Amino acid sequence: MSSSADGQSRGARLAARHLPTFVRWLGNFGWPILLRQLRADFRKNRFFFSQFVCLGVLGVTLIAMISYQTSDETRTATQIGQALFDSFFIIQYLIILVIFPAFSATAFTEERAGLTIDLLLASTLKPEEIVWGKFFASTVYCLVYVVASIPLLSISFLFGGVEPREVLVAYGILIGLTLLISMVGVCISSWYGSPIRSTLTVYVLVFLGLAASWYAFRRTGWGEKGAEGRTLISLLLDSLGVGSSVGLPQVAVLAAVAFAYLFLITANRVRPSSDDRTSPLRALTFIAILGFLLASVASPQDIYLWLTTGTGGVWGRGRGPGWQRGLVQQVFVLVLLAAAIFPTEEAATSRRNRARFGAWTGPRYPLRIFAPGAFWGFAYAVALTALSSGVLLLGLGAGRQDGIDGAAVQALLTMPFYIAAVAALGFLLAACDFTPFYARLTVSFVLVITALLPFIFMLSKEREEVWTGWDVLWRAYYLSPLTLWQSLVADPAEDPSQFLLFGVPVAAAARWILGGLGAAFLAAGVLAARRAGHPLLRFAGGGDARAPRAAQRA
Amino acid sequence: MDSTTRAEESTAALAAGEGAAEIAVSVRSLSKTYGDGYAVHDLSFEVPRGEIFGFIGPNGAGKTTTLRILATLLEPTAGEVLVEGRCVVNETEEVRRRIGYMPDRFGVYDGVTVEEYLEFFAGAYRLPRGRRAAVIKDVLDLTDLGALRDRMVSSLSMGMKQRLCLAKTLVHDPSLLILDEPASALDARARIEMRVLLKELRRMGKTIIISSHILTELSDLCTSVAIIEKGELVVSGSMDLLQERKWGTDRVKITLHEPRPGVEEALVEIPAVELVSIEENVVVFDYAGAPGEFYKVLKALTDREVPVVSVEHDSRNLENLFLRLTKGDVQ
């Protein structure tokens, strides 16, 4: 009792001592950069001019919309209000996506071009603080604009037809978009030395984002017959609701993961190479997969049901194969992401991290997932994929009353082999002393090419031509993960040939080929490492402690 | 002089200097490679605390690379670099707290005043808010920028910007200053002012590593030097030590009333005289002997009735030392 009381008082004392430090630290986090940037930027006309122009465009468009809508006497006040709200949302979306990336795209390039980056990096500011400050400074423009536009939105309320929930979601989406697009801009700016190049790259991504948004909006049925009397936001909410392959929690998790990922990558980019910290990226990948799985399995309704009726209540609702297939597709994407990161990280590990893991005196094996080393990167990539697949299999088995979906199982069983093949390729590249950039580039290239293979072969194939199993096989068609994905997307009742191509079971053939490739890559990597004298397979100690070859020569 | 001999001599110089004073910077077997080539190879030297250390080398010799490694902006490929006993790779933050780095090419942030500029760096170096105003005032006074505190940074001249950058370097009171070509863009007056300021900083107990290609200025300023060429150390040690070991000979210029034959023959007979060159009535040579024995040179000339008008000595001729020890080719 007394020890507990002592513990509490000690805890309180610790909190009293350290909390102000923490609050001070939090208050100072990125603050010097933000303050300097705001001081400099708010003295320029650019800020006021951009705000004026954007608000002017929005205001004029809304006035024109009111004039147009009210001229049609067949339209009700509710419809006019909804049309105004939709117009407001779309214009805001476009302005945020098109105008404001220009502000964040030069966050670091202007430091490089102005020769101030070294002064900044040599200070005691942490890279995370620098990125945070830059991010906030470039977000402020956009956030001020979003807040300043609220009075204009209120015009649509005069006509009715818009629920408060829709307004909140609309602003949630706009603010989320602002944060994400600013982070993308800051991240891209850390890759380039020239402001023009970084701005152009950001705008290429922006236009891809515009196309993706347009596709997502159209998928909701917006603007089509049957969707009258409903706003775009309400349609979006419906499309992300229960029973959909991608739900609102998943979108939120994905956006948060993407944000954190970009943040960490940017912090690593602005960090001197002696201070490399790629391990958080591994941790994030791991958390992303888990988070995404959880978000996929549990919607808010499911959690409520689980709390009130137990597990049986959730599974008893009989969510169909569509949900299961959607889940498998999403995991596919995430695991491919892991495959691209894990095997090549070893090449990027700095002396600092190698020294840290070498000096670690605690239990080493549980930490290996965050430790450097191509071999363990490979091992964990495979283990992680197998674990994800196993969890999914259990989920699929529990979710269906009539047994496990055969196609999904085939795809899940094939995934570890695919990951193993890609990971082993990364291992081989690392053993051949590829630089991190080229190792990642090559692995990404392999991923993209294999994903595109079906499209390439389908485009080259004559419509009437019949491919035999051998024709398809030598074209390495079966190697593509997209083939497996397509076999999951299609309904076997409608097109069973997706699963058996010319009598050859797609997934089973892929497993053999991928497994063989993985083993070949791995053996080649080990041989290359041994020939070069790398201690790649040293199991004792923290990580593989691989020193750059140049250092070994020295 | 081949590279082995030079390395041996430099090691001897290091050994002679060791233990003489507390070490501020220790560089051991430092190498930095870019692709297949190396920028710095097996570089070792030490900088005692409180010194003004000149880091000299031709263009592309690896000076900036070494200084950037010291400033924690580059990772060494091999070797160990300690700043006041802290490793630049593993204890980055500790090192950054102790150093003030001024790069050879730098810019300033537009749109802020001189005071705001320094306030930014005070924040970046985590100076407590309550102390910032006083520190900034002191630094502005020290660098003679007090009258410009409300001026926009973009309106300053190049010399003032250079001083402002030095002021920013001092804002967190570092014990080691790493200055890469700090006077490169300055006019003669601003250079003299910078030199006075650096001497004042040394008097305040700071260690200063300075790289410059204006060797005449360094010879007056530095208490020790290191010369590198093609990424390798040629020689390092205190100026006195170098002088003692006759690496830095006197450069002597004798003006005659009129040209006379036999002057060169008279001079080369003296063992301490090297590299004699005669142009019209001007004789230039290196003198490596003891100062008390220079009369022998004059005696050799007067014995042959050579009409000497004037004799000029440059006893701490760093430029001469540099030319003697380096070949002038870059990687």
# chains A, B, ... in the order shown; residues from 1 in each chain; ligands from 1
>>> interface_residues(of="chain B", to="chain A", cutoff="7 Å", atoms="only C-alpha atoms", output="ChimeraX atom specification")
/B:71-75,77-78,89-90,93,96-97,105-108,110-112,120,123-125
>>> residues_around(residues="Thr414 in chain A", least_positions_apart="3", cutoff="10 Å", atoms="only C-alpha atoms", output="list in words")
Ala386, Ser389, Ala408, Val409, Gln410, Ala411, Phe417, Tyr418, Ile419, Pro481, Leu484, Val506, Ala507, Ala508, Ala509, Ala510, Arg511, Trp512, Leu514 and Gly515 of chain A
>>> atom_distance(atom1="CA of Ile188 in chain A", atom2="CA of Val202 in chain A")
6.7 Å
>>> decode(residues="range 84-100 of chain A", atoms="all heavy atoms", output="PDB file, in the first residue's frame")
ATOM      1  N   LEU A  84     -25.045  24.198 -54.601  1.00  0.00           N
ATOM      2  CA  LEU A  84     -24.075  25.202 -54.150  1.00  0.00           C
ATOM      3  C   LEU A  84     -22.998  24.560 -53.272  1.00  0.00           C
ATOM      4  O   LEU A  84     -21.812  24.863 -53.393  1.00  0.00           O
ATOM      5  CB  LEU A  84     -24.788  26.314 -53.368  1.00  0.00           C
ATOM      6  CG  LEU A  84     -25.526  27.352 -54.190  1.00  0.00           C
ATOM      7  CD1 LEU A  84     -26.243  28.333 -53.276  1.00  0.00           C
ATOM      8  CD2 LEU A  84     -24.563  28.104 -55.092  1.00  0.00           C
ATOM      9  N   PHE A  85     -23.452  23.685 -52.406  1.00  0.00           N
ATOM     10  CA  PHE A  85     -22.508  23.018 -51.497  1.00  0.00           C
ATOM     11  C   PHE A  85     -21.515  22.170 -52.287  1.00  0.00           C
ATOM     12  O   PHE A  85     -20.303  22.202 -52.029  1.00  0.00           O
ATOM     13  CB  PHE A  85     -23.296  22.143 -50.515  1.00  0.00           C
ATOM     14  CG  PHE A  85     -22.426  21.407 -49.537  1.00  0.00           C
ATOM     15  CD1 PHE A  85     -21.766  22.087 -48.521  1.00  0.00           C
ATOM     16  CD2 PHE A  85     -22.250  20.035 -49.638  1.00  0.00           C
ATOM     17  CE1 PHE A  85     -20.943  21.410 -47.623  1.00  0.00           C
ATOM     18  CE2 PHE A  85     -21.438  19.343 -48.751  1.00  0.00           C
ATOM     19  CZ  PHE A  85     -20.791  20.038 -47.742  1.00  0.00           C
ATOM     20  N   ASP A  86     -22.049  21.445 -53.283  1.00  0.00           N
ATOM     21  CA  ASP A  86     -21.168  20.621 -54.127  1.00  0.00           C
ATOM     22  C   ASP A  86     -20.166  21.502 -54.874  1.00  0.00           C
ATOM     23  O   ASP A  86     -18.982  21.178 -54.957  1.00  0.00           O
ATOM     24  CB  ASP A  86     -21.999  19.826 -55.145  1.00  0.00           C
ATOM     25  CG  ASP A  86     -22.569  18.551 -54.532  1.00  0.00           C
ATOM     26  OD1 ASP A  86     -22.184  18.243 -53.382  1.00  0.00           O
ATOM     27  OD2 ASP A  86     -23.398  17.897 -55.179  1.00  0.00           O
ATOM     28  N   SER A  87     -20.674  22.630 -55.425  1.00  0.00           N
ATOM     29  CA  SER A  87     -19.778  23.532 -56.169  1.00  0.00           C
ATOM     30  C   SER A  87     -18.699  24.051 -55.244  1.00  0.00           C
ATOM     31  O   SER A  87     -17.512  24.103 -55.620  1.00  0.00           O
ATOM     32  CB  SER A  87     -20.555  24.726 -56.732  1.00  0.00           C
ATOM     33  OG  SER A  87     -21.623  24.270 -57.492  1.00  0.00           O
ATOM     34  N   PHE A  88     -19.105  24.450 -54.057  1.00  0.00           N
ATOM     35  CA  PHE A  88     -18.143  24.972 -53.085  1.00  0.00           C
ATOM     36  C   PHE A  88     -17.055  23.924 -52.811  1.00  0.00           C
ATOM     37  O   PHE A  88     -15.856  24.216 -52.867  1.00  0.00           O
ATOM     38  CB  PHE A  88     -18.883  25.331 -51.785  1.00  0.00           C
ATOM     39  CG  PHE A  88     -17.966  25.641 -50.642  1.00  0.00           C
ATOM     40  CD1 PHE A  88     -17.434  26.917 -50.471  1.00  0.00           C
ATOM     41  CD2 PHE A  88     -17.612  24.658 -49.715  1.00  0.00           C
ATOM     42  CE1 PHE A  88     -16.577  27.186 -49.428  1.00  0.00           C
ATOM     43  CE2 PHE A  88     -16.751  24.929 -48.671  1.00  0.00           C
ATOM     44  CZ  PHE A  88     -16.232  26.202 -48.527  1.00  0.00           C
ATOM     45  N   PHE A  89     -17.497  22.713 -52.568  1.00  0.00           N
ATOM     46  CA  PHE A  89     -16.546  21.654 -52.221  1.00  0.00           C
ATOM     47  C   PHE A  89     -15.583  21.377 -53.372  1.00  0.00           C
ATOM     48  O   PHE A  89     -14.363  21.281 -53.186  1.00  0.00           O
ATOM     49  CB  PHE A  89     -17.311  20.379 -51.833  1.00  0.00           C
ATOM     50  CG  PHE A  89     -16.415  19.221 -51.510  1.00  0.00           C
ATOM     51  CD1 PHE A  89     -15.704  19.185 -50.323  1.00  0.00           C
ATOM     52  CD2 PHE A  89     -16.256  18.168 -52.404  1.00  0.00           C
ATOM     53  CE1 PHE A  89     -14.857  18.129 -50.021  1.00  0.00           C
ATOM     54  CE2 PHE A  89     -15.410  17.108 -52.116  1.00  0.00           C
ATOM     55  CZ  PHE A  89     -14.718  17.084 -50.918  1.00  0.00           C
ATOM     56  N   ILE A  90     -16.133  21.274 -54.579  1.00  0.00           N
ATOM     57  CA  ILE A  90     -15.289  20.947 -55.738  1.00  0.00           C
ATOM     58  C   ILE A  90     -14.278  22.064 -56.008  1.00  0.00           C
ATOM     59  O   ILE A  90     -13.092  21.803 -56.249  1.00  0.00           O
ATOM     60  CB  ILE A  90     -16.171  20.720 -56.999  1.00  0.00           C
ATOM     61  CG1 ILE A  90     -17.031  19.473 -56.820  1.00  0.00           C
ATOM     62  CG2 ILE A  90     -15.313  20.605 -58.266  1.00  0.00           C
ATOM     63  CD1 ILE A  90     -16.281  18.170 -56.873  1.00  0.00           C
ATOM     64  N   ILE A  91     -14.739  23.323 -55.941  1.00  0.00           N
ATOM     65  CA  ILE A  91     -13.818  24.444 -56.221  1.00  0.00           C
ATOM     66  C   ILE A  91     -12.721  24.498 -55.158  1.00  0.00           C
ATOM     67  O   ILE A  91     -11.542  24.675 -55.465  1.00  0.00           O
ATOM     68  CB  ILE A  91     -14.589  25.783 -56.292  1.00  0.00           C
ATOM     69  CG1 ILE A  91     -15.532  25.759 -57.481  1.00  0.00           C
ATOM     70  CG2 ILE A  91     -13.626  26.963 -56.436  1.00  0.00           C
ATOM     71  CD1 ILE A  91     -16.575  26.841 -57.436  1.00  0.00           C
ATOM     72  N   GLN A  92     -13.117  24.327 -53.906  1.00  0.00           N
ATOM     73  CA  GLN A  92     -12.126  24.321 -52.826  1.00  0.00           C
ATOM     74  C   GLN A  92     -11.103  23.205 -53.056  1.00  0.00           C
ATOM     75  O   GLN A  92      -9.907  23.397 -52.888  1.00  0.00           O
ATOM     76  CB  GLN A  92     -12.815  24.080 -51.467  1.00  0.00           C
ATOM     77  CG  GLN A  92     -13.607  25.232 -50.957  1.00  0.00           C
ATOM     78  CD  GLN A  92     -12.694  26.291 -50.378  1.00  0.00           C
ATOM     79  OE1 GLN A  92     -11.930  26.884 -51.104  1.00  0.00           O
ATOM     80  NE2 GLN A  92     -12.766  26.527 -49.092  1.00  0.00           N
ATOM     81  N   TYR A  93     -11.634  22.045 -53.415  1.00  0.00           N
ATOM     82  CA  TYR A  93     -10.779  20.874 -53.654  1.00  0.00           C
ATOM     83  C   TYR A  93      -9.759  21.194 -54.747  1.00  0.00           C
ATOM     84  O   TYR A  93      -8.569  20.930 -54.616  1.00  0.00           O
ATOM     85  CB  TYR A  93     -11.672  19.699 -54.069  1.00  0.00           C
ATOM     86  CG  TYR A  93     -11.031  18.343 -53.959  1.00  0.00           C
ATOM     87  CD1 TYR A  93     -11.153  17.595 -52.792  1.00  0.00           C
ATOM     88  CD2 TYR A  93     -10.320  17.796 -55.014  1.00  0.00           C
ATOM     89  CE1 TYR A  93     -10.567  16.339 -52.683  1.00  0.00           C
ATOM     90  CE2 TYR A  93      -9.735  16.541 -54.917  1.00  0.00           C
ATOM     91  CZ  TYR A  93      -9.870  15.819 -53.755  1.00  0.00           C
ATOM     92  OH  TYR A  93      -9.289  14.581 -53.643  1.00  0.00           O
ATOM     93  N   LEU A  94     -10.265  21.810 -55.844  1.00  0.00           N
ATOM     94  CA  LEU A  94      -9.380  22.130 -56.974  1.00  0.00           C
ATOM     95  C   LEU A  94      -8.347  23.181 -56.573  1.00  0.00           C
ATOM     96  O   LEU A  94      -7.155  23.056 -56.908  1.00  0.00           O
ATOM     97  CB  LEU A  94     -10.208  22.643 -58.157  1.00  0.00           C
ATOM     98  CG  LEU A  94     -11.002  21.584 -58.909  1.00  0.00           C
ATOM     99  CD1 LEU A  94     -11.872  22.229 -59.980  1.00  0.00           C
ATOM    100  CD2 LEU A  94     -10.058  20.582 -59.559  1.00  0.00           C
ATOM    101  N   ILE A  95      -8.785  24.210 -55.855  1.00  0.00           N
ATOM    102  CA  ILE A  95      -7.854  25.288 -55.476  1.00  0.00           C
ATOM    103  C   ILE A  95      -6.762  24.742 -54.573  1.00  0.00           C
ATOM    104  O   ILE A  95      -5.576  25.015 -54.762  1.00  0.00           O
ATOM    105  CB  ILE A  95      -8.623  26.447 -54.791  1.00  0.00           C
ATOM    106  CG1 ILE A  95      -9.395  27.240 -55.844  1.00  0.00           C
ATOM    107  CG2 ILE A  95      -7.656  27.371 -54.036  1.00  0.00           C
ATOM    108  CD1 ILE A  95     -10.279  28.326 -55.291  1.00  0.00           C
ATOM    109  N   ILE A  96      -7.162  23.938 -53.598  1.00  0.00           N
ATOM    110  CA  ILE A  96      -6.164  23.379 -52.677  1.00  0.00           C
ATOM    111  C   ILE A  96      -5.173  22.501 -53.438  1.00  0.00           C
ATOM    112  O   ILE A  96      -3.975  22.534 -53.215  1.00  0.00           O
ATOM    113  CB  ILE A  96      -6.868  22.574 -51.559  1.00  0.00           C
ATOM    114  CG1 ILE A  96      -7.594  23.531 -50.629  1.00  0.00           C
ATOM    115  CG2 ILE A  96      -5.862  21.731 -50.769  1.00  0.00           C
ATOM    116  CD1 ILE A  96      -8.489  22.856 -49.624  1.00  0.00           C
ATOM    117  N   LEU A  97      -5.714  21.736 -54.375  1.00  0.00           N
ATOM    118  CA  LEU A  97      -4.863  20.782 -55.089  1.00  0.00           C
ATOM    119  C   LEU A  97      -3.992  21.468 -56.147  1.00  0.00           C
ATOM    120  O   LEU A  97      -2.888  21.006 -56.426  1.00  0.00           O
ATOM    121  CB  LEU A  97      -5.755  19.718 -55.752  1.00  0.00           C
ATOM    122  CG  LEU A  97      -5.208  18.305 -55.864  1.00  0.00           C
ATOM    123  CD1 LEU A  97      -4.713  17.800 -54.533  1.00  0.00           C
ATOM    124  CD2 LEU A  97      -6.280  17.369 -56.393  1.00  0.00           C
ATOM    125  N   VAL A  98      -4.471  22.561 -56.700  1.00  0.00           N
ATOM    126  CA  VAL A  98      -3.752  23.163 -57.828  1.00  0.00           C
ATOM    127  C   VAL A  98      -2.886  24.361 -57.404  1.00  0.00           C
ATOM    128  O   VAL A  98      -1.776  24.522 -57.888  1.00  0.00           O
ATOM    129  CB  VAL A  98      -4.752  23.577 -58.941  1.00  0.00           C
ATOM    130  CG1 VAL A  98      -4.055  24.327 -60.054  1.00  0.00           C
ATOM    131  CG2 VAL A  98      -5.446  22.343 -59.490  1.00  0.00           C
ATOM    132  N   ILE A  99      -3.381  25.182 -56.503  1.00  0.00           N
ATOM    133  CA  ILE A  99      -2.663  26.426 -56.174  1.00  0.00           C
ATOM    134  C   ILE A  99      -1.624  26.200 -55.073  1.00  0.00           C
ATOM    135  O   ILE A  99      -0.465  26.599 -55.194  1.00  0.00           O
ATOM    136  CB  ILE A  99      -3.637  27.534 -55.707  1.00  0.00           C
ATOM    137  CG1 ILE A  99      -4.737  27.751 -56.739  1.00  0.00           C
ATOM    138  CG2 ILE A  99      -2.869  28.832 -55.392  1.00  0.00           C
ATOM    139  CD1 ILE A  99      -4.344  28.504 -57.965  1.00  0.00           C
ATOM    140  N   PHE A 100      -2.018  25.544 -53.991  1.00  0.00           N
ATOM    141  CA  PHE A 100      -1.184  25.562 -52.792  1.00  0.00           C
ATOM    142  C   PHE A 100       0.045  24.645 -52.809  1.00  0.00           C
ATOM    143  O   PHE A 100       0.990  24.917 -52.054  1.00  0.00           O
ATOM    144  CB  PHE A 100      -2.039  25.315 -51.546  1.00  0.00           C
ATOM    145  CG  PHE A 100      -2.912  26.502 -51.266  1.00  0.00           C
ATOM    146  CD1 PHE A 100      -4.253  26.486 -51.574  1.00  0.00           C
ATOM    147  CD2 PHE A 100      -2.369  27.657 -50.730  1.00  0.00           C
ATOM    148  CE1 PHE A 100      -5.047  27.594 -51.349  1.00  0.00           C
ATOM    149  CE2 PHE A 100      -3.147  28.770 -50.504  1.00  0.00           C
ATOM    150  CZ  PHE A 100      -4.499  28.742 -50.810  1.00  0.00           C
TER     151      PHE A 100
END
